[in-house]
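upload.pdb (PDB, C-alpha atoms) appears below.
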ATOM      1  CA  MET A1066      -7.694  -1.117  39.278  1.00  0.00           C
ATOM      2  CA  SER A1067      -4.564   0.835  38.370  1.00  0.00           C
ATOM      3  CA  SER A1068      -3.455   1.982  34.938  1.00  0.00           C
ATOM      4  CA  ALA A1069      -0.156   2.897  33.297  1.00  0.00           C
ATOM      5  CA  GLN A1070      -0.803   6.529  34.246  1.00  0.00           C
ATOM      6  CA  ASP A1071      -0.695   5.491  37.933  1.00  0.00           C
ATOM      7  CA  TRP A1072       2.936   4.352  37.495  1.00  0.00           C
ATOM      8  CA  PRO A1073       4.422   6.782  34.948  1.00  0.00           C
ATOM      9  CA  ASP A1074       8.027   5.871  35.805  1.00  0.00           C
ATOM     10  CA  LEU A1075       7.563   2.089  36.015  1.00  0.00           C
ATOM     11  CA  GLY A1076       9.028   1.557  32.529  1.00  0.00           C
ATOM     12  CA  GLY A1077      11.828   4.068  32.957  1.00  0.00           C
ATOM     13  CA  ARG A1078      12.155   7.246  30.919  1.00  0.00           C
ATOM     14  CA  ILE A1079      13.561   8.387  27.601  1.00  0.00           C
ATOM     15  CA  VAL A1080      16.262  11.047  27.819  1.00  0.00           C
ATOM     16  CA  GLY A1081      17.132  12.295  24.330  1.00  0.00           C
ATOM     17  CA  LYS A1082      17.529   9.050  22.380  1.00  0.00           C
ATOM     18  CA  THR A1083      18.434   6.907  25.397  1.00  0.00           C
ATOM     19  CA  HIS A1084      16.048   4.915  27.544  1.00  0.00           C
ATOM     20  CA  VAL A1085      17.023   4.881  31.235  1.00  0.00           C
ATOM     21  CA  MET A1086      15.524   2.287  33.595  1.00  0.00           C
ATOM     22  CA  GLY A1087      16.321   1.802  37.263  1.00  0.00           C
ATOM     23  CA  VAL A1088      16.960  -1.643  38.747  1.00  0.00           C
ATOM     24  CA  ARG A1089      17.590  -2.685  42.340  1.00  0.00           C
ATOM     25  CA  VAL A1090      19.689  -5.830  42.864  1.00  0.00           C
ATOM     26  CA  TYR A1091      17.786  -8.342  44.979  1.00  0.00           C
ATOM     27  CA  TYR A1092      18.947 -11.538  46.635  1.00  0.00           C
ATOM     28  CA  GLU A1093      17.342 -13.563  43.825  1.00  0.00           C
ATOM     29  CA  ASP A1094      19.607 -11.792  41.294  1.00  0.00           C
ATOM     30  CA  THR A1095      22.825 -12.946  42.967  1.00  0.00           C
ATOM     31  CA  ASP A1096      24.892 -16.080  43.194  1.00  0.00           C
ATOM     32  CA  PHE A1097      26.147 -17.645  46.431  1.00  0.00           C
ATOM     33  CA  SER A1098      28.723 -14.866  46.861  1.00  0.00           C
ATOM     34  CA  GLY A1099      26.220 -11.982  46.710  1.00  0.00           C
ATOM     35  CA  ILE A1100      27.367 -10.897  43.233  1.00  0.00           C
ATOM     36  CA  VAL A1101      24.871 -10.582  40.360  1.00  0.00           C
ATOM     37  CA  TYR A1102      24.779 -13.862  38.426  1.00  0.00           C
ATOM     38  CA  HIS A1103      26.022 -13.180  34.885  1.00  0.00           C
ATOM     39  CA  ALA A1104      22.807 -14.265  33.112  1.00  0.00           C
ATOM     40  CA  ASN A1105      20.750 -11.760  35.092  1.00  0.00           C
ATOM     41  CA  TYR A1106      22.385  -8.859  33.272  1.00  0.00           C
ATOM     42  CA  LEU A1107      20.647 -10.240  30.168  1.00  0.00           C
ATOM     43  CA  ARG A1108      17.318 -10.078  32.029  1.00  0.00           C
ATOM     44  CA  PHE A1109      17.932  -6.462  33.046  1.00  0.00           C
ATOM     45  CA  ALA A1110      18.872  -5.600  29.443  1.00  0.00           C
ATOM     46  CA  GLU A1111      15.764  -7.333  28.047  1.00  0.00           C
ATOM     47  CA  ARG A1112      13.574  -5.254  30.335  1.00  0.00           C
ATOM     48  CA  GLY A1113      15.309  -2.100  29.135  1.00  0.00           C
ATOM     49  CA  ARG A1114      14.777  -2.942  25.452  1.00  0.00           C
ATOM     50  CA  SER A1115      11.157  -3.954  26.022  1.00  0.00           C
ATOM     51  CA  ASP A1116      10.269  -0.899  28.102  1.00  0.00           C
ATOM     52  CA  PHE A1117      11.905   1.410  25.556  1.00  0.00           C
ATOM     53  CA  LEU A1118       9.714  -0.114  22.833  1.00  0.00           C
ATOM     54  CA  ARG A1119       6.646   0.122  25.073  1.00  0.00           C
ATOM     55  CA  LEU A1120       7.264   3.818  25.811  1.00  0.00           C
ATOM     56  CA  THR A1121       7.480   4.580  22.081  1.00  0.00           C
ATOM     57  CA  GLY A1122       4.168   2.790  21.464  1.00  0.00           C
ATOM     58  CA  VAL A1123       5.557  -0.494  20.107  1.00  0.00           C
ATOM     59  CA  SER A1124       3.785  -3.290  21.983  1.00  0.00           C
ATOM     60  CA  HIS A1125       5.014  -6.890  21.973  1.00  0.00           C
ATOM     61  CA  THR A1126       1.424  -7.991  22.638  1.00  0.00           C
ATOM     62  CA  ASP A1127       0.016  -5.997  19.709  1.00  0.00           C
ATOM     63  CA  LEU A1128       2.706  -7.338  17.370  1.00  0.00           C
ATOM     64  CA  PHE A1129       1.985 -10.909  18.380  1.00  0.00           C
ATOM     65  CA  GLN A1130      -1.801 -10.503  18.175  1.00  0.00           C
ATOM     66  CA  ALA A1131      -1.735  -8.916  14.686  1.00  0.00           C
ATOM     67  CA  ASP A1132      -3.193 -10.736  11.668  1.00  0.00           C
ATOM     68  CA  GLU A1133       0.355 -11.877  10.924  1.00  0.00           C
ATOM     69  CA  PRO A1134       1.847 -12.469  14.396  1.00  0.00           C
ATOM     70  CA  LEU A1135       5.321 -11.014  14.824  1.00  0.00           C
ATOM     71  CA  ALA A1136       7.918 -11.186  17.574  1.00  0.00           C
ATOM     72  CA  PHE A1137      11.555 -10.268  18.170  1.00  0.00           C
ATOM     73  CA  ALA A1138      14.294 -12.882  18.494  1.00  0.00           C
ATOM     74  CA  ILE A1139      17.861 -12.115  19.502  1.00  0.00           C
ATOM     75  CA  HIS A1140      20.221 -12.928  16.649  1.00  0.00           C
ATOM     76  CA  ARG A1141      23.549 -11.767  18.080  1.00  0.00           C
ATOM     77  CA  MET A1142      25.005 -10.240  21.249  1.00  0.00           C
ATOM     78  CA  GLU A1143      28.454  -8.919  22.111  1.00  0.00           C
ATOM     79  CA  ILE A1144      28.870  -8.492  25.868  1.00  0.00           C
ATOM     80  CA  ASP A1145      31.530  -6.972  28.097  1.00  0.00           C
ATOM     81  CA  PHE A1146      31.400  -7.558  31.846  1.00  0.00           C
ATOM     82  CA  LEU A1147      33.373  -4.651  33.326  1.00  0.00           C
ATOM     83  CA  ARG A1148      32.834  -5.040  37.076  1.00  0.00           C
ATOM     84  CA  PRO A1149      30.349  -6.831  39.324  1.00  0.00           C
ATOM     85  CA  ALA A1150      27.155  -5.565  40.907  1.00  0.00           C
ATOM     86  CA  ARG A1151      26.173  -6.772  44.359  1.00  0.00           C
ATOM     87  CA  ILE A1152      23.062  -7.273  46.416  1.00  0.00           C
ATOM     88  CA  ASP A1153      21.234  -4.007  47.229  1.00  0.00           C
ATOM     89  CA  ASP A1154      23.101  -2.043  44.527  1.00  0.00           C
ATOM     90  CA  ARG A1155      21.159   0.494  42.497  1.00  0.00           C
ATOM     91  CA  LEU A1156      21.649   0.166  38.758  1.00  0.00           C
ATOM     92  CA  GLU A1157      20.592   2.024  35.636  1.00  0.00           C
ATOM     93  CA  VAL A1158      20.045   0.220  32.352  1.00  0.00           C
ATOM     94  CA  HIS A1159      20.716   2.516  29.374  1.00  0.00           C
ATOM     95  CA  THR A1160      19.363   1.459  25.979  1.00  0.00           C
ATOM     96  CA  ARG A1161      19.859   3.140  22.646  1.00  0.00           C
ATOM     97  CA  TYR A1162      18.489   1.778  19.377  1.00  0.00           C
ATOM     98  CA  VAL A1163      21.056   2.426  16.660  1.00  0.00           C
ATOM     99  CA  LYS A1164      19.314   0.793  13.688  1.00  0.00           C
ATOM    100  CA  ALA A1165      15.753  -0.123  12.785  1.00  0.00           C
ATOM    101  CA  GLY A1166      15.126  -1.325   9.290  1.00  0.00           C
ATOM    102  CA  GLY A1167      14.297  -4.351   7.231  1.00  0.00           C
ATOM    103  CA  ALA A1168      13.791  -7.149   9.720  1.00  0.00           C
ATOM    104  CA  ARG A1169      16.472  -5.913  12.131  1.00  0.00           C
ATOM    105  CA  LEU A1170      16.657  -3.892  15.320  1.00  0.00           C
ATOM    106  CA  GLU A1171      20.096  -3.088  16.708  1.00  0.00           C
ATOM    107  CA  ALA A1172      20.675  -1.725  20.197  1.00  0.00           C
ATOM    108  CA  GLU A1173      23.582  -0.617  22.320  1.00  0.00           C
ATOM    109  CA  GLN A1174      23.056  -1.141  26.031  1.00  0.00           C
ATOM    110  CA  SER A1175      24.985  -0.447  29.175  1.00  0.00           C
ATOM    111  CA  ILE A1176      24.369  -1.006  32.856  1.00  0.00           C
ATOM    112  CA  TRP A1177      25.650   1.549  35.341  1.00  0.00           C
ATOM    113  CA  LEU A1178      26.175   1.320  39.099  1.00  0.00           C
ATOM    114  CA  VAL A1179      24.601   4.308  40.853  1.00  0.00           C
ATOM    115  CA  GLY A1180      26.967   5.498  43.582  1.00  0.00           C
ATOM    116  CA  GLU A1181      26.913   8.128  46.275  1.00  0.00           C
ATOM    117  CA  GLY A1182      25.488  11.415  45.080  1.00  0.00           C
ATOM    118  CA  GLY A1183      24.199   9.783  41.893  1.00  0.00           C
ATOM    119  CA  SER A1184      27.609   9.116  40.352  1.00  0.00           C
ATOM    120  CA  LEU A1185      27.553   6.465  37.617  1.00  0.00           C
ATOM    121  CA  THR A1186      30.116   3.729  36.950  1.00  0.00           C
ATOM    122  CA  GLU A1187      29.678   1.551  33.864  1.00  0.00           C
ATOM    123  CA  ILE A1188      29.725  -2.141  34.817  1.00  0.00           C
ATOM    124  CA  TRP A1189      28.317  -3.937  31.744  1.00  0.00           C
ATOM    125  CA  ARG A1190      27.795  -3.222  28.050  1.00  0.00           C
ATOM    126  CA  ALA A1191      26.374  -5.029  25.045  1.00  0.00           C
ATOM    127  CA  LYS A1192      25.617  -4.692  21.360  1.00  0.00           C
ATOM    128  CA  VAL A1193      22.392  -6.505  20.525  1.00  0.00           C
ATOM    129  CA  GLN A1194      20.911  -7.516  17.182  1.00  0.00           C
ATOM    130  CA  ALA A1195      17.300  -8.666  17.119  1.00  0.00           C
ATOM    131  CA  ALA A1196      15.312  -9.974  14.166  1.00  0.00           C
ATOM    132  CA  CYS A1197      11.603  -9.466  13.612  1.00  0.00           C
ATOM    133  CA  ILE A1198      10.141 -12.923  12.904  1.00  0.00           C
ATOM    134  CA  ASP A1199       6.752 -14.416  12.101  1.00  0.00           C
ATOM    135  CA  GLY A1200       5.094 -17.331  13.889  1.00  0.00           C
ATOM    136  CA  GLN A1201       7.183 -19.793  11.879  1.00  0.00           C
ATOM    137  CA  GLY A1202      10.465 -18.127  12.825  1.00  0.00           C
ATOM    138  CA  ARG A1203      10.986 -16.544   9.385  1.00  0.00           C
ATOM    139  CA  PRO A1204      12.352 -12.978   9.165  1.00  0.00           C
ATOM    140  CA  ARG A1205       9.755 -10.305   8.448  1.00  0.00           C
ATOM    141  CA  ARG A1206      10.093  -6.573   7.886  1.00  0.00           C
ATOM    142  CA  LEU A1207       9.443  -4.364  10.885  1.00  0.00           C
ATOM    143  CA  PRO A1208       5.901  -3.034  10.571  1.00  0.00           C
ATOM    144  CA  ALA A1209       5.715   0.553   9.313  1.00  0.00           C
ATOM    145  CA  SER A1210       4.031   1.582  12.569  1.00  0.00           C
ATOM    146  CA  ALA A1211       7.005   0.298  14.584  1.00  0.00           C
ATOM    147  CA  ARG A1212       9.555   1.989  12.284  1.00  0.00           C
ATOM    148  CA  GLU A1213       7.645   5.275  12.529  1.00  0.00           C
ATOM    149  CA  ALA A1214       7.327   5.055  16.332  1.00  0.00           C
ATOM    150  CA  LEU A1215      11.055   4.370  16.723  1.00  0.00           C
ATOM    151  CA  ALA A1216      12.305   6.812  14.060  1.00  0.00           C
ATOM    152  CA  PRO A1217      12.818   9.810  16.414  1.00  0.00           C
ATOM    153  CA  TYR A1218      14.972   7.672  18.734  1.00  0.00           C
ATOM    154  CA  VAL A1219      17.009   5.625  16.282  1.00  0.00           C
ATOM    155  CA  ASP A1220      20.325   6.751  14.826  1.00  0.00           C
ATOM    156  CA  GLU A1221      19.669   4.946  11.538  1.00  0.00           C
ATOM    157  CA  ALA A1222      16.028   4.272  10.668  1.00  0.00           C
ATOM    158  CA  THR A1223      15.468   2.791   7.227  1.00  0.00           C
ATOM    159  CA  LYS A1224      12.295   2.033   5.304  1.00  0.00           C
TER     160      LYS A1224
END

Hey, can you dump this file as structure tokens for me?
Amino acid sequence: MSSAQDWPDLGGRIVGKTHVMGVRVYYEDTDFSGIVYHANYLRFAERGRSDFLRLTGVSHTDLFQADEPLAFAIHRMEIDFLRPARIDDRLEVHTRYVKAGGARLEAEQSIWLVGEGGSLTEIWRAKVQAACIDGQGRPRRLPASAREALAPYVDEATK
């Protein structure tokens, strides 16, 4: 049986206040032309946001299994598609939380194509607003434990 310590880089890494996660483009990520299908960028971004939270100690499972179950729901996204990624490309998903307070988490994300020698070219970017909600879909304040765990990484953390 393996543990998280066996795969320390599986969820990416935090560099300063930015989470960086590697992604390889597989056949299943592409459309008939071999270009990443537009909706799959959202999947890559979701993994980046989730792994950032996980690395700071904020667990989706723990939030949902609390006495008052909580979850995150996307409220708003602004997306720019700058250039396509193709099968076998290496990508990096960069995530930065810019606000955590009340019932809201706000993130800025970008996806970068990793080129020869490690050069990076930005190919996608988004601004994401998520709401913390209860089991009935009503907004709820972020738990203090989540705010405290995120505080060192968030530009604007409010009580």

- Item | Neighbour list for A:Pro1134 as JSON, numbers by chain, cut-off 7 Å, only C-alpha atoms, skip fewer than 6 positions in-chain | {"A": [1128, 1199, 1200]}

Would you save the residues from that selection as an mmCIF file, in the frame of the given file, using C-alpha atoms?
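Heads up, here's the output in again.cif:
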data_model
loop_
_atom_site.group_PDB
_atom_site.id
_atom_site.type_symbol
_atom_site.label_atom_id
_atom_site.label_comp_id
_atom_site.auth_asym_id
_atom_site.auth_seq_id
_atom_site.Cartn_x
_atom_site.Cartn_y
_atom_site.Cartn_z
ATOM 1 C CA LEU A 1128 2.706 -7.338 17.370
ATOM 2 C CA ASP A 1199 6.752 -14.416 12.101
ATOM 3 C CA GLY A 1200 5.094 -17.331 13.889
#

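Residues matched by the PyMOL selection byres ((chain A and resi 1163-1168) around 8) in this structure: Arg1161, Tyr1162, Arg1169, Leu1170, Glu1171, Ala1172, Glu1173, Ala1196, Cys1197, Ile1198, Pro1204, Arg1205, Arg1206, Leu1207, Arg1212, Leu1215, Ala1216, Val1219, Asp1220, Glu1221, Ala1222, Thr1223 and Lys1224 of chain A.
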
- Query: Got a sec to resolve the PyMOL selection byres ((chain A and resi 1118) around 12) on this structure and send the residues as a ChimeraX atom specification?
  - Reply: /A:1076-1079,1083-1084,1111-1117,1119-1128,1137,1160-1162,1165,1170,1172,1210-1216,1218-1219

- Item | Nearest residue to A:His1103 from the set A:Ala1136, A:Ala1195, A:Leu1147, A:Met1086 (distances using all atoms listed in the file) |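 Ranking A:Ala1136, A:Ala1195, A:Leu1147, A:Met1086 by distance to A:His1103, first place goes to A:Leu1147.
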
- Could you give me, as a list in words, the residues within 9 Å of A:Arg1190, counting all atoms listed in the file and dropping anything in the same chain fewer than 4 positions from it? Glu1143, Ile1144, Asp1145, Phe1146, Leu1147, Glu1173, Gln1174, Ser1175, Ile1176 and Trp1177 of chain A

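Among the candidates A:Val1088, A:Glu1133, A:Val1080, A:Glu1093, the one nearest to A:Arg1203 when counting all atoms listed in the file is A:Glu1133.
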
- Message: Selection in question (the file shown): the PyMOL selection byres ((chain A and resi 1148) around 9). Which residues does it include, as a ChimeraX atom specification?
- Response: /A:1146-1147,1149-1150,1187-1189

Rebuild stretch 1089-1105 of chain A so that it carries N, CA and C atoms, then output the result as an mmCIF file, keeping the file's coordinate frame.
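Saved to part_0.cif:
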data_model
loop_
_atom_site.group_PDB
_atom_site.id
_atom_site.type_symbol
_atom_site.label_atom_id
_atom_site.label_comp_id
_atom_site.auth_asym_id
_atom_site.auth_seq_id
_atom_site.Cartn_x
_atom_site.Cartn_y
_atom_site.Cartn_z
ATOM 1 N N ARG A 1089 16.987 -2.393 41.034
ATOM 2 C CA ARG A 1089 17.590 -2.685 42.340
ATOM 3 C C ARG A 1089 18.030 -4.144 42.299
ATOM 4 N N VAL A 1090 19.217 -4.441 42.811
ATOM 5 C CA VAL A 1090 19.689 -5.830 42.864
ATOM 6 C C VAL A 1090 19.117 -6.491 44.115
ATOM 7 N N TYR A 1091 18.381 -7.560 43.891
ATOM 8 C CA TYR A 1091 17.786 -8.342 44.979
ATOM 9 C C TYR A 1091 18.565 -9.641 45.187
ATOM 10 N N TYR A 1092 18.313 -10.265 46.301
ATOM 11 C CA TYR A 1092 18.947 -11.538 46.635
ATOM 12 C C TYR A 1092 18.796 -12.542 45.484
ATOM 13 N N GLU A 1093 17.609 -12.600 44.901
ATOM 14 C CA GLU A 1093 17.342 -13.563 43.825
ATOM 15 C C GLU A 1093 18.196 -13.329 42.587
ATOM 16 N N ASP A 1094 18.776 -12.121 42.452
ATOM 17 C CA ASP A 1094 19.607 -11.792 41.294
ATOM 18 C C ASP A 1094 21.051 -12.239 41.461
ATOM 19 N N THR A 1095 21.418 -12.683 42.661
ATOM 20 C CA THR A 1095 22.825 -12.946 42.967
ATOM 21 C C THR A 1095 23.146 -14.432 43.041
ATOM 22 N N ASP A 1096 24.437 -14.713 42.989
ATOM 23 C CA ASP A 1096 24.892 -16.080 43.194
ATOM 24 C C ASP A 1096 25.230 -16.254 44.674
ATOM 25 N N PHE A 1097 25.860 -17.339 45.027
ATOM 26 C CA PHE A 1097 26.147 -17.645 46.431
ATOM 27 C C PHE A 1097 27.054 -16.614 47.097
ATOM 28 N N SER A 1098 27.779 -15.830 46.294
ATOM 29 C CA SER A 1098 28.723 -14.866 46.861
ATOM 30 C C SER A 1098 28.126 -13.464 47.019
ATOM 31 N N GLY A 1099 26.858 -13.287 46.616
ATOM 32 C CA GLY A 1099 26.220 -11.982 46.710
ATOM 33 C C GLY A 1099 26.479 -11.087 45.515
ATOM 34 N N ILE A 1100 27.096 -11.633 44.469
ATOM 35 C CA ILE A 1100 27.367 -10.897 43.233
ATOM 36 C C ILE A 1100 26.307 -11.285 42.206
ATOM 37 N N VAL A 1101 25.891 -10.304 41.375
ATOM 38 C CA VAL A 1101 24.871 -10.582 40.360
ATOM 39 C C VAL A 1101 25.346 -11.716 39.455
ATOM 40 N N TYR A 1102 24.515 -12.731 39.317
ATOM 41 C CA TYR A 1102 24.779 -13.862 38.426
ATOM 42 C C TYR A 1102 24.808 -13.337 36.986
ATOM 43 N N HIS A 1103 25.780 -13.766 36.207
ATOM 44 C CA HIS A 1103 26.022 -13.180 34.885
ATOM 45 C C HIS A 1103 24.790 -13.168 33.977
ATOM 46 N N ALA A 1104 23.977 -14.193 33.995
ATOM 47 C CA ALA A 1104 22.807 -14.265 33.112
ATOM 48 C C ALA A 1104 21.747 -13.231 33.476
ATOM 49 N N ASN A 1105 21.758 -12.730 34.697
ATOM 50 C CA ASN A 1105 20.750 -11.760 35.092
ATOM 51 C C ASN A 1105 20.960 -10.392 34.449
#
